[in-house]
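Structure file start02.txt (compact mmCIF, C-alpha atoms) follows.
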# COMPACT_ATOMS: atom_id res chain seq x y z
CA MET A 27 22.90 18.40 -105.58
CA LYS A 28 23.10 19.15 -109.28
CA ARG A 29 20.93 22.24 -109.81
CA ILE A 30 20.60 24.65 -106.90
CA LEU A 31 18.40 27.67 -106.20
CA VAL A 32 19.89 30.06 -103.63
CA THR A 33 17.57 32.62 -102.02
CA GLY A 34 19.09 35.71 -100.43
CA ALA A 35 21.91 35.45 -102.95
CA GLN A 36 22.95 39.09 -102.52
CA GLY A 37 23.48 38.73 -98.76
CA GLN A 38 26.63 38.14 -96.74
CA ILE A 39 26.54 34.36 -97.03
CA GLY A 40 24.68 34.08 -100.33
CA SER A 41 26.98 36.26 -102.40
CA GLU A 42 29.99 34.11 -101.55
CA LEU A 43 28.13 30.80 -101.50
CA VAL A 44 26.83 31.27 -105.05
CA THR A 45 30.38 31.87 -106.29
CA MET A 46 31.71 28.74 -104.55
CA LEU A 47 28.82 26.58 -105.76
CA ARG A 48 29.25 27.79 -109.35
CA ASP A 49 32.94 26.99 -109.22
CA HIS A 50 32.09 23.47 -108.02
CA TYR A 51 28.88 22.59 -109.90
CA GLY A 52 29.09 24.90 -112.92
CA THR A 53 27.71 28.41 -113.37
CA ALA A 54 24.59 27.28 -115.25
CA ASN A 55 23.60 24.92 -112.41
CA VAL A 56 23.43 27.51 -109.63
CA ILE A 57 20.57 30.03 -109.77
CA GLY A 58 20.82 33.04 -107.53
CA SER A 59 17.69 34.86 -106.36
CA ASP A 60 16.97 37.94 -104.30
CA ILE A 61 14.63 40.92 -104.22
CA ARG A 62 17.08 42.79 -106.45
CA LYS A 63 19.91 41.90 -108.81
CA GLY A 64 23.46 42.92 -108.03
CA GLU A 65 25.39 45.00 -110.54
CA ALA A 66 28.16 42.43 -110.80
CA GLU A 67 25.86 39.39 -110.99
CA GLU A 68 27.00 36.78 -113.50
CA GLY A 69 25.08 33.60 -114.15
CA PRO A 70 21.42 32.59 -113.85
CA PHE A 71 19.43 34.90 -111.56
CA GLU A 72 15.78 35.43 -110.64
CA ILE A 73 14.28 38.41 -108.82
CA VAL A 74 12.12 36.73 -106.16
CA ASP A 75 10.48 37.96 -102.97
CA VAL A 76 10.44 34.82 -100.80
CA THR A 77 7.23 35.97 -99.10
CA ASP A 78 5.58 35.31 -102.49
CA GLY A 79 5.25 31.52 -102.49
CA LYS A 80 4.12 31.29 -106.12
CA ALA A 81 7.08 33.32 -107.37
CA LEU A 82 9.45 31.09 -105.43
CA TYR A 83 7.78 27.94 -106.80
CA ASP A 84 7.91 29.30 -110.35
CA ALA A 85 11.64 30.03 -110.08
CA ALA A 86 12.35 26.49 -108.85
CA ALA A 87 10.20 24.98 -111.61
CA LYS A 88 11.62 27.19 -114.36
CA HIS A 89 15.16 26.03 -113.65
CA ASN A 90 14.20 22.47 -112.65
CA VAL A 91 16.32 22.62 -109.50
CA ASP A 92 16.83 19.67 -107.17
CA THR A 93 18.00 21.74 -104.17
CA ILE A 94 17.00 24.95 -102.41
CA MET A 95 19.46 26.78 -100.17
CA HIS A 96 17.27 29.27 -98.35
CA LEU A 97 19.28 32.20 -96.97
CA ALA A 98 16.88 35.14 -97.26
CA ALA A 99 16.41 36.62 -93.78
CA LEU A 100 16.50 39.72 -91.62
CA LEU A 101 19.44 39.44 -89.18
CA SER A 102 19.56 39.97 -85.43
CA ALA A 103 20.02 43.73 -85.00
CA LYS A 104 17.64 44.65 -87.83
CA ALA A 105 15.11 42.09 -86.62
CA GLU A 106 15.01 43.75 -83.21
CA ALA A 107 14.34 47.11 -84.86
CA LYS A 108 11.55 45.64 -87.02
CA PRO A 109 10.23 42.51 -85.26
CA LYS A 110 7.00 42.16 -87.25
CA GLN A 111 8.84 42.52 -90.55
CA ALA A 112 11.39 39.97 -89.31
CA TRP A 113 8.66 37.45 -88.51
CA ASP A 114 6.96 37.94 -91.88
CA LEU A 115 10.20 37.56 -93.84
CA ASN A 116 12.04 34.98 -91.75
CA MET A 117 9.11 32.66 -91.07
CA GLY A 118 6.90 33.40 -94.07
CA GLY A 119 9.82 32.99 -96.45
CA LEU A 120 10.95 29.79 -94.75
CA ILE A 121 7.60 28.02 -94.91
CA ASN A 122 7.19 29.08 -98.55
CA ALA A 123 10.59 27.60 -99.38
CA LEU A 124 9.79 24.41 -97.46
CA GLU A 125 6.51 24.08 -99.35
CA VAL A 126 8.35 24.32 -102.66
CA ALA A 127 10.77 21.65 -101.45
CA ARG A 128 7.86 19.44 -100.40
CA GLU A 129 5.89 19.89 -103.62
CA ARG A 130 8.89 19.37 -105.89
CA ASN A 131 10.75 16.79 -103.77
CA LEU A 132 13.86 18.95 -103.34
CA GLN A 133 16.81 18.76 -100.98
CA PHE A 134 16.70 21.72 -98.59
CA PHE A 135 19.19 23.77 -96.55
CA THR A 136 18.64 26.76 -94.31
CA PRO A 137 20.95 28.07 -91.59
CA SER A 138 20.08 28.51 -87.95
CA SER A 139 22.27 30.53 -85.60
CA ILE A 140 23.69 30.85 -82.11
CA GLY A 141 20.90 33.42 -81.84
CA ALA A 142 18.60 30.45 -81.21
CA PHE A 143 20.15 30.16 -77.75
CA GLY A 144 19.19 32.43 -74.86
CA PRO A 145 20.28 33.64 -71.41
CA SER A 146 19.35 30.32 -69.76
CA THR A 147 21.43 28.26 -72.21
CA PRO A 148 24.78 27.01 -70.81
CA LYS A 149 27.31 29.61 -72.02
CA LYS A 150 30.48 27.51 -72.18
CA GLY A 151 30.66 24.42 -74.37
CA THR A 152 26.99 24.81 -75.25
CA PRO A 153 25.68 21.29 -75.97
CA GLN A 154 24.06 20.18 -79.22
CA GLU A 155 20.83 19.56 -77.32
CA THR A 156 20.10 22.12 -74.61
CA ILE A 157 17.52 24.62 -73.37
CA MET A 158 16.68 27.24 -76.00
CA ARG A 159 14.73 30.25 -74.75
CA PRO A 160 15.94 33.20 -76.87
CA THR A 161 14.95 36.75 -75.95
CA THR A 162 15.20 38.26 -79.45
CA MET A 163 12.84 38.06 -82.42
CA TYR A 164 15.70 36.70 -84.52
CA GLY A 165 16.29 33.96 -81.97
CA VAL A 166 12.60 33.11 -81.82
CA ASN A 167 12.59 32.86 -85.63
CA LYS A 168 15.59 30.53 -85.57
CA VAL A 169 14.17 28.16 -82.94
CA ALA A 170 10.85 28.05 -84.77
CA GLY A 171 12.70 27.50 -88.04
CA GLU A 172 14.64 24.54 -86.67
CA LEU A 173 11.41 22.94 -85.46
CA LEU A 174 9.63 23.67 -88.73
CA CYS A 175 12.40 22.02 -90.75
CA ASP A 176 12.27 19.02 -88.42
CA TYR A 177 8.52 18.87 -88.99
CA TYR A 178 8.85 18.88 -92.77
CA TYR A 179 11.40 16.08 -92.54
CA TYR A 180 9.36 13.86 -90.21
CA ARG A 181 5.92 14.72 -91.62
CA PHE A 182 6.64 14.95 -95.35
CA GLY A 183 10.06 13.35 -95.82
CA VAL A 184 11.73 16.54 -97.08
CA ASP A 185 15.52 16.15 -96.92
CA THR A 186 16.08 19.19 -94.70
CA ARG A 187 19.51 20.08 -93.33
CA GLY A 188 21.02 23.02 -91.45
CA VAL A 189 23.70 24.37 -89.14
CA ARG A 190 23.74 26.81 -86.24
CA TYR A 191 26.16 29.46 -87.41
CA PRO A 192 28.27 31.51 -85.04
CA GLY A 193 29.09 35.10 -86.00
CA LEU A 194 30.48 35.12 -89.54
CA ILE A 195 33.49 37.16 -90.62
CA SER A 196 34.13 38.06 -94.26
CA TYR A 197 36.02 40.63 -96.33
CA VAL A 198 33.76 40.27 -99.38
CA THR A 199 30.31 41.58 -98.43
CA PRO A 200 29.65 44.46 -95.98
CA PRO A 201 28.03 43.62 -92.63
CA GLY A 202 24.30 43.08 -92.85
CA GLY A 203 22.82 43.98 -89.48
CA GLY A 204 24.15 41.26 -87.18
CA THR A 205 25.22 41.64 -83.54
CA THR A 206 28.66 40.17 -84.34
CA ASP A 207 29.34 42.62 -87.20
CA TYR A 208 31.93 44.42 -85.06
CA ALA A 209 34.26 41.51 -85.82
CA VAL A 210 34.14 42.48 -89.50
CA GLU A 211 34.21 46.25 -89.02
CA ILE A 212 37.29 46.07 -86.80
CA TYR A 213 39.45 44.80 -89.67
CA TYR A 214 38.33 47.49 -92.11
CA GLU A 215 38.91 50.24 -89.55
CA ALA A 216 42.29 48.77 -88.65
CA MET A 217 43.37 49.11 -92.28
CA ARG A 218 41.79 52.56 -92.77
CA ASN A 219 42.46 54.33 -89.48
CA LYS A 220 44.48 52.01 -87.22
CA LYS A 221 41.76 52.30 -84.59
CA TYR A 222 38.27 51.01 -83.89
CA THR A 223 35.52 51.77 -81.37
CA SER A 224 33.64 48.60 -80.42
CA TYR A 225 29.93 48.65 -79.60
CA ILE A 226 30.42 45.34 -77.76
CA ALA A 227 32.05 45.47 -74.32
CA ALA A 228 35.46 44.07 -73.43
CA GLY A 229 35.34 40.51 -72.17
CA THR A 230 32.21 39.64 -74.15
CA TYR A 231 33.03 36.29 -75.72
CA MET A 232 31.06 34.98 -78.69
CA ASP A 233 31.57 32.18 -81.17
CA MET A 234 32.87 33.32 -84.57
CA MET A 235 33.79 31.69 -87.87
CA TYR A 236 35.65 32.79 -91.00
CA MET A 237 33.46 32.67 -94.09
CA PRO A 238 35.48 30.03 -96.02
CA ASP A 239 34.84 27.55 -93.17
CA ALA A 240 31.15 28.53 -93.09
CA LEU A 241 30.73 27.92 -96.82
CA HIS A 242 32.55 24.61 -96.86
CA ALA A 243 30.38 23.45 -93.96
CA ILE A 244 27.28 23.88 -96.14
CA MET A 245 28.69 21.85 -99.00
CA LYS A 246 30.01 19.13 -96.71
CA LEU A 247 26.68 18.78 -94.90
CA MET A 248 24.65 18.75 -98.11
CA GLU A 249 26.84 16.04 -99.62
CA ALA A 250 26.81 13.90 -96.46
CA ASP A 251 25.19 10.47 -96.32
CA PRO A 252 21.60 11.12 -95.11
CA ASP A 253 21.59 7.87 -93.14
CA LYS A 254 24.32 9.25 -90.87
CA LEU A 255 22.49 12.47 -90.01
CA VAL A 256 20.80 12.49 -86.61
CA TYR A 257 20.19 16.18 -85.89
CA ARG A 258 19.81 17.34 -89.51
CA ASN A 259 18.54 20.90 -89.03
CA ALA A 260 20.53 22.43 -86.24
CA TYR A 261 24.13 21.24 -86.06
CA ASN A 262 26.33 23.28 -83.75
CA ILE A 263 29.45 24.36 -85.64
CA SER A 264 32.26 26.37 -84.10
CA ALA A 265 35.69 27.78 -84.89
CA ILE A 266 36.71 30.76 -82.74
CA SER A 267 35.56 31.97 -79.31
CA ALA A 268 36.71 35.57 -78.95
CA ALA A 269 36.05 38.95 -77.32
CA PRO A 270 36.85 42.33 -78.94
CA GLU A 271 40.26 42.54 -77.28
CA ASP A 272 41.24 39.17 -78.79
CA PHE A 273 40.69 40.56 -82.28
CA ALA A 274 42.72 43.65 -81.33
CA LYS A 275 45.65 41.52 -80.13
CA ALA A 276 45.59 39.48 -83.34
CA ILE A 277 45.51 42.66 -85.46
CA GLN A 278 48.36 44.23 -83.46
CA LYS A 279 50.65 41.42 -84.60
CA HIS A 280 50.37 42.97 -88.07
CA ILE A 281 49.54 46.62 -87.19
CA PRO A 282 51.37 47.26 -83.88
CA ASP A 283 49.91 50.75 -83.32
CA PHE A 284 46.28 49.64 -83.76
CA GLU A 285 44.07 50.98 -80.95
CA LEU A 286 40.78 49.60 -79.64
CA ALA A 287 38.25 51.74 -77.76
CA TYR A 288 34.71 51.06 -76.54
CA ASP A 289 31.34 52.80 -76.84
CA VAL A 290 28.93 50.05 -75.85
CA ASP A 291 25.50 49.84 -77.48
CA PRO A 292 23.22 48.62 -74.64
CA ALA A 293 20.73 46.90 -76.96
CA LEU A 294 23.36 44.99 -78.91
CA GLN A 295 25.31 44.23 -75.74
CA GLN A 296 22.21 42.66 -74.23
CA ILE A 297 21.84 40.43 -77.29
CA ALA A 298 25.51 39.46 -77.18
CA GLU A 299 25.32 38.53 -73.51
CA SER A 300 22.36 36.24 -74.17
CA TRP A 301 24.45 34.11 -76.55
CA PRO A 302 27.00 31.39 -75.72
CA ASP A 303 30.69 32.07 -75.22
CA SER A 304 31.56 28.83 -77.01
CA ILE A 305 29.64 25.85 -78.37
CA ASP A 306 30.25 22.12 -78.70
CA ALA A 307 30.43 21.00 -82.35
CA THR A 308 31.06 17.29 -81.64
CA ALA A 309 27.90 16.06 -83.39
CA ALA A 310 28.79 17.84 -86.64
CA ALA A 311 32.31 16.44 -86.52
CA GLU A 312 31.15 12.89 -85.86
CA GLU A 313 28.17 12.75 -88.24
CA TRP A 314 29.52 14.55 -91.32
CA GLY A 315 33.14 15.41 -90.65
CA PHE A 316 32.92 19.11 -89.89
CA GLN A 317 36.26 20.71 -89.02
CA ALA A 318 37.16 24.41 -89.10
CA THR A 319 40.50 25.29 -90.67
CA TYR A 320 40.94 28.92 -89.53
CA ASP A 321 41.75 30.17 -86.04
CA ILE A 322 41.84 33.84 -85.05
CA ASP A 323 45.46 34.36 -86.13
CA THR A 324 45.24 32.68 -89.54
CA MET A 325 41.91 34.41 -90.19
CA THR A 326 43.34 37.80 -89.20
CA ALA A 327 46.32 37.44 -91.50
CA ASP A 328 44.06 36.50 -94.41
CA MET A 329 41.47 39.22 -93.67
CA LEU A 330 44.05 42.00 -93.58
CA GLU A 331 45.76 40.77 -96.73
CA LYS A 332 42.47 40.50 -98.63
CA ILE A 333 41.20 43.91 -97.43
CA GLN A 334 44.46 45.56 -98.47
CA THR A 335 44.17 44.00 -101.92
CA LYS A 336 40.51 44.95 -102.13

Please rewrite the model in this file as structure tokens.
Amino acid sequence: MKRILVTGAQGQIGSELVTMLRDHYGTANVIGSDIRKGEAEEGPFEIVDVTDGKALYDAAAKHNVDTIMHLAALLSAKAEAKPKQAWDLNMGGLINALEVARERNLQFFTPSSIGAFGPSTPKKGTPQETIMRPTTMYGVNKVAGELLCDYYYYRFGVDTRGVRYPGLISYVTPPGGGTTDYAVEIYYEAMRNKKYTSYIAAGTYMDMMYMPDALHAIMKLMEADPDKLVYRNAYNISAISAAPEDFAKAIQKHIPDFELAYDVDPALQQIAESWPDSIDATAAAEEWGFQATYDIDTMTADMLEKIQTK
């Protein structure tokens, strides 16, 4: 990776990833792109709708990139509200980006998600290879995306790579329509009001990860020796398995009078219950050295400190 085009650069992952990549590879070598430009955007940027394959190709050619990191997508909750739009964006954008990578011989990254799993997937210690029958449009998109990236690797030799992200927690960018967004909102409300009402029920465990670990996983995977990669497009990665009350207990170590209540959203609860409680990230650790550095307590301390400063 020397010159990188990032789609969805204004999103939760993209906004922070672009900053990290520019710090590492140089501002001029990382080109952000999205359907609109952020007010605080600094560095090369292209306004691109990823459903327009020609516009995406032109952006890659203009900047002579050698890598595409394709992040543009509609997330789980929003995808359920607008399933046809989700399919058009998530799958149409992905195949356009893969075509650009094929035509220009580019390295390629796109994330999958624990949303690719479904109710029949083993919920505890979910294996790297297991049954995947998701019951959401987002999940269907992610399973299809994993297979499509595999296809472009085996059929055309495109150097495709990806991870299955758990729920991501960040203080930088507001939540973007994901089922696990409560795990971000809870910290903001703890600082503002010392209380939070969770739309996910008590005892509902899901895999989570702090954004710094999520970003470093991308860079580590993309810099890994390709000969050592077996799974390529769908590595399980994991850091924290937690339910809402676990976040509350971690917050109460810093804000003792913090209170957690519940007002469960049935639609989002159904999605949450279809996902694993915890997943097995052994393949990622063995093949390219993945290792998370934050647990729920160290993440909580950092989140609250950063939100207070913000």

Any idea what's packed within 6 Å of range 302-304 of chain A, counting all atoms listed in the file, ignoring anything in its chain fewer than 3 positions away? Could you give it as an MDAnalysis selection string? chainID A and resid 149:151 231:233 267

Selected residues written out, C-alpha atoms, as a short mmCIF file (atom, residue, chain, number, x, y, z; two decimals), keeping the file's coordinate frame:
data_model
loop_
_atom_site.label_atom_id
_atom_site.label_comp_id
_atom_site.auth_asym_id
_atom_site.auth_seq_id
_atom_site.Cartn_x
_atom_site.Cartn_y
_atom_site.Cartn_z
CA LYS A 149 27.31 29.61 -72.02
CA LYS A 150 30.48 27.51 -72.18
CA GLY A 151 30.66 24.42 -74.37
CA TYR A 231 33.03 36.29 -75.72
CA MET A 232 31.06 34.98 -78.69
CA ASP A 233 31.57 32.18 -81.17
CA SER A 267 35.56 31.97 -79.31
#

Sorted by chain and rising residue number, which residues of range 86-194 of chain A lie within 9 Å of range 263-266 of chain A, and what are their closest atom pairs and distances in Å to one decimal, counting all atoms listed in the file, as a Markdown table?
| residue | atom | partner | partner_atom | distance |
| --- | --- | --- | --- | --- |
| A:Val189 | CA | A:Ile263 | CA | 6.7 |
| A:Arg190 | CA | A:Ile263 | CA | 6.2 |
| A:Tyr191 | CA | A:Ile263 | CA | 6.3 |
| A:Pro192 | CA | A:Ser264 | CA | 6.6 |

Near Leu101 in chain A, within 12 Å and counting only C-alpha atoms, which residues show up once chain neighbours fewer than 4 positions away are dropped, as a ChimeraX atom specification? /A:34,37-39,97,105-109,111-113,115-116,137-141,162-168,193-194,201-207

Only C-alpha atoms, please: the residues just picked out, written as a PDB file, keeping the file's coordinate frame.
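The file below, again_35.pdb, is the result:
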ATOM      1  CA  GLY A  34      19.090  35.710-100.430  1.00  0.00           C
ATOM      2  CA  GLY A  37      23.480  38.730 -98.760  1.00  0.00           C
ATOM      3  CA  GLN A  38      26.630  38.140 -96.740  1.00  0.00           C
ATOM      4  CA  ILE A  39      26.540  34.360 -97.030  1.00  0.00           C
ATOM      5  CA  LEU A  97      19.280  32.200 -96.970  1.00  0.00           C
ATOM      6  CA  ALA A 105      15.110  42.090 -86.620  1.00  0.00           C
ATOM      7  CA  GLU A 106      15.010  43.750 -83.210  1.00  0.00           C
ATOM      8  CA  ALA A 107      14.340  47.110 -84.860  1.00  0.00           C
ATOM      9  CA  LYS A 108      11.550  45.640 -87.020  1.00  0.00           C
ATOM     10  CA  PRO A 109      10.230  42.510 -85.260  1.00  0.00           C
ATOM     11  CA  GLN A 111       8.840  42.520 -90.550  1.00  0.00           C
ATOM     12  CA  ALA A 112      11.390  39.970 -89.310  1.00  0.00           C
ATOM     13  CA  TRP A 113       8.660  37.450 -88.510  1.00  0.00           C
ATOM     14  CA  LEU A 115      10.200  37.560 -93.840  1.00  0.00           C
ATOM     15  CA  ASN A 116      12.040  34.980 -91.750  1.00  0.00           C
ATOM     16  CA  PRO A 137      20.950  28.070 -91.590  1.00  0.00           C
ATOM     17  CA  SER A 138      20.080  28.510 -87.950  1.00  0.00           C
ATOM     18  CA  SER A 139      22.270  30.530 -85.600  1.00  0.00           C
ATOM     19  CA  ILE A 140      23.690  30.850 -82.110  1.00  0.00           C
ATOM     20  CA  GLY A 141      20.900  33.420 -81.840  1.00  0.00           C
ATOM     21  CA  THR A 162      15.200  38.260 -79.450  1.00  0.00           C
ATOM     22  CA  MET A 163      12.840  38.060 -82.420  1.00  0.00           C
ATOM     23  CA  TYR A 164      15.700  36.700 -84.520  1.00  0.00           C
ATOM     24  CA  GLY A 165      16.290  33.960 -81.970  1.00  0.00           C
ATOM     25  CA  VAL A 166      12.600  33.110 -81.820  1.00  0.00           C
ATOM     26  CA  ASN A 167      12.590  32.860 -85.630  1.00  0.00           C
ATOM     27  CA  LYS A 168      15.590  30.530 -85.570  1.00  0.00           C
ATOM     28  CA  GLY A 193      29.090  35.100 -86.000  1.00  0.00           C
ATOM     29  CA  LEU A 194      30.480  35.120 -89.540  1.00  0.00           C
ATOM     30  CA  PRO A 201      28.030  43.620 -92.630  1.00  0.00           C
ATOM     31  CA  GLY A 202      24.300  43.080 -92.850  1.00  0.00           C
ATOM     32  CA  GLY A 203      22.820  43.980 -89.480  1.00  0.00           C
ATOM     33  CA  GLY A 204      24.150  41.260 -87.180  1.00  0.00           C
ATOM     34  CA  THR A 205      25.220  41.640 -83.540  1.00  0.00           C
ATOM     35  CA  THR A 206      28.660  40.170 -84.340  1.00  0.00           C
ATOM     36  CA  ASP A 207      29.340  42.620 -87.200  1.00  0.00           C
TER      37      ASP A 207
END

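One distance worth recording is that between CA of Gly315 in chain A and CA of Met329 in chain A, which is 25.4 Å.
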
What does the structure give for the distance between CA of Glu125 in chain A and CA of Ala35 in chain A, in Å to one decimal?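 These two atoms are separated by 19.5 Å.
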
With a distance cut-off of 7 Å and all atoms listed in the file, select the neighbouring residues of Phe284 in chain A, excluding the residue or stretch itself and same-chain residues fewer than 5 positions from it, and output the selection as a ChimeraX atom specification. /A:216,220-221,278

Could you check how far CA of Asp75 in chain A sits from CA of Gly118 in chain A, in Å to one decimal?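 These atoms are spaced 10.6 Å apart.
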
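In this comparison, which uses only C-alpha atoms, the residue of A:Thr335, A:Ala99, A:Arg159, A:Tyr225 approaching Gln295 in chain A most closely is A:Tyr225.
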
With only C-alpha atoms as the counted atoms, please give the residues lying no more than 7 Å from Ala250 in chain A, apart from itself and same-chain residues fewer than 3 positions off, as a PDB file with C-alpha atoms, keeping the file's coordinate frame.
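Result written to selection34.pdb:
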ATOM      1  CA  LYS A 246      30.010  19.130 -96.710  1.00  0.00           C
ATOM      2  CA  LEU A 247      26.680  18.780 -94.900  1.00  0.00           C
ATOM      3  CA  TRP A 314      29.520  14.550 -91.320  1.00  0.00           C
TER       4      TRP A 314
END

Of the listed residues A:Tyr177, A:Tyr197, A:Phe143, A:Phe135, that which approaches Ile297 in chain A most closely, counting all atoms listed in the file: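 Comparing A:Tyr177, A:Tyr197, A:Phe143, A:Phe135 against Ile297 in chain A, the winner is A:Phe143.
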
Pull the neighbourhood of (19.1, 14.7, -107.2) for me: all residues within 12 Å in file coordinates, counting only C-alpha atoms, as a PyMOL selection string. chain A and resi 27-30+90-94+130-134+185+248-249

Using all atoms listed in the file, list the residues that have an atom at most 10 Å from (23.5, 10.1, -88.7), coordinates as in the file, as a count of residues only. 14

Nearest-residue call for Ala318 in chain A, choices A:Pro238, A:Gly40, A:Gly144, A:Gly58, using all atoms listed in the file: A:Pro238

Hey, what's within 10 Å of Ala274 in chain A if we count only C-alpha atoms and toss same-chain stuff fewer than 3 positions away? As a short mmCIF file (atom, residue, chain, number, x, y, z; two decimals) with C-alpha atoms, in the coordinates of the input, please?
data_model
loop_
_atom_site.label_atom_id
_atom_site.label_comp_id
_atom_site.auth_asym_id
_atom_site.auth_seq_id
_atom_site.Cartn_x
_atom_site.Cartn_y
_atom_site.Cartn_z
CA ALA A 209 34.26 41.51 -85.82
CA ILE A 212 37.29 46.07 -86.80
CA TYR A 213 39.45 44.80 -89.67
CA ALA A 216 42.29 48.77 -88.65
CA LYS A 221 41.76 52.30 -84.59
CA TYR A 222 38.27 51.01 -83.89
CA ALA A 269 36.05 38.95 -77.32
CA PRO A 270 36.85 42.33 -78.94
CA GLU A 271 40.26 42.54 -77.28
CA ILE A 277 45.51 42.66 -85.46
CA GLN A 278 48.36 44.23 -83.46
CA LYS A 279 50.65 41.42 -84.60
CA ILE A 281 49.54 46.62 -87.19
CA PRO A 282 51.37 47.26 -83.88
CA PHE A 284 46.28 49.64 -83.76
CA GLU A 285 44.07 50.98 -80.95
CA LEU A 286 40.78 49.60 -79.64
CA ALA A 287 38.25 51.74 -77.76
CA THR A 326 43.34 37.80 -89.20
#

Subset file as a PDB file, in the first residue's frame: range 173-184 of chain A, N, CA and C atoms:
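Written output follows (part-v2.pdb):
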ATOM      1  N   LEU A 173     -18.538 -13.753  -0.267  1.00  0.00           N
ATOM      2  CA  LEU A 173     -18.433 -14.690  -1.388  1.00  0.00           C
ATOM      3  C   LEU A 173     -17.977 -13.989  -2.660  1.00  0.00           C
ATOM      4  N   LEU A 174     -18.456 -12.774  -2.882  1.00  0.00           N
ATOM      5  CA  LEU A 174     -18.070 -12.023  -4.068  1.00  0.00           C
ATOM      6  C   LEU A 174     -16.581 -11.681  -4.047  1.00  0.00           C
ATOM      7  N   CYS A 175     -16.076 -11.289  -2.882  1.00  0.00           N
ATOM      8  CA  CYS A 175     -14.642 -11.001  -2.770  1.00  0.00           C
ATOM      9  C   CYS A 175     -13.814 -12.265  -2.978  1.00  0.00           C
ATOM     10  N   ASP A 176     -14.286 -13.388  -2.430  1.00  0.00           N
ATOM     11  CA  ASP A 176     -13.615 -14.668  -2.695  1.00  0.00           C
ATOM     12  C   ASP A 176     -13.573 -14.942  -4.202  1.00  0.00           C
ATOM     13  N   TYR A 177     -14.696 -14.708  -4.861  1.00  0.00           N
ATOM     14  CA  TYR A 177     -14.790 -14.959  -6.296  1.00  0.00           C
ATOM     15  C   TYR A 177     -13.787 -14.118  -7.068  1.00  0.00           C
ATOM     16  N   TYR A 178     -13.682 -12.842  -6.739  1.00  0.00           N
ATOM     17  CA  TYR A 178     -12.748 -11.977  -7.459  1.00  0.00           C
ATOM     18  C   TYR A 178     -11.293 -12.367  -7.188  1.00  0.00           C
ATOM     19  N   TYR A 179     -11.034 -12.950  -6.025  1.00  0.00           N
ATOM     20  CA  TYR A 179      -9.679 -13.444  -5.759  1.00  0.00           C
ATOM     21  C   TYR A 179      -9.399 -14.701  -6.584  1.00  0.00           C
ATOM     22  N   TYR A 180     -10.291 -15.677  -6.521  1.00  0.00           N
ATOM     23  CA  TYR A 180     -10.043 -16.949  -7.210  1.00  0.00           C
ATOM     24  C   TYR A 180     -10.202 -16.836  -8.725  1.00  0.00           C
ATOM     25  N   ARG A 181     -11.153 -16.017  -9.184  1.00  0.00           N
ATOM     26  CA  ARG A 181     -11.421 -15.920 -10.616  1.00  0.00           C
ATOM     27  C   ARG A 181     -10.490 -14.960 -11.329  1.00  0.00           C
ATOM     28  N   PHE A 182     -10.170 -13.833 -10.692  1.00  0.00           N
ATOM     29  CA  PHE A 182      -9.410 -12.780 -11.364  1.00  0.00           C
ATOM     30  C   PHE A 182      -8.075 -12.459 -10.699  1.00  0.00           C
ATOM     31  N   GLY A 183      -7.794 -13.068  -9.546  1.00  0.00           N
ATOM     32  CA  GLY A 183      -6.525 -12.818  -8.874  1.00  0.00           C
ATOM     33  C   GLY A 183      -6.449 -11.489  -8.153  1.00  0.00           C
ATOM     34  N   VAL A 184      -7.604 -10.857  -7.875  1.00  0.00           N
ATOM     35  CA  VAL A 184      -7.594  -9.602  -7.117  1.00  0.00           C
ATOM     36  C   VAL A 184      -7.197  -9.899  -5.670  1.00  0.00           C
TER      37      VAL A 184
END
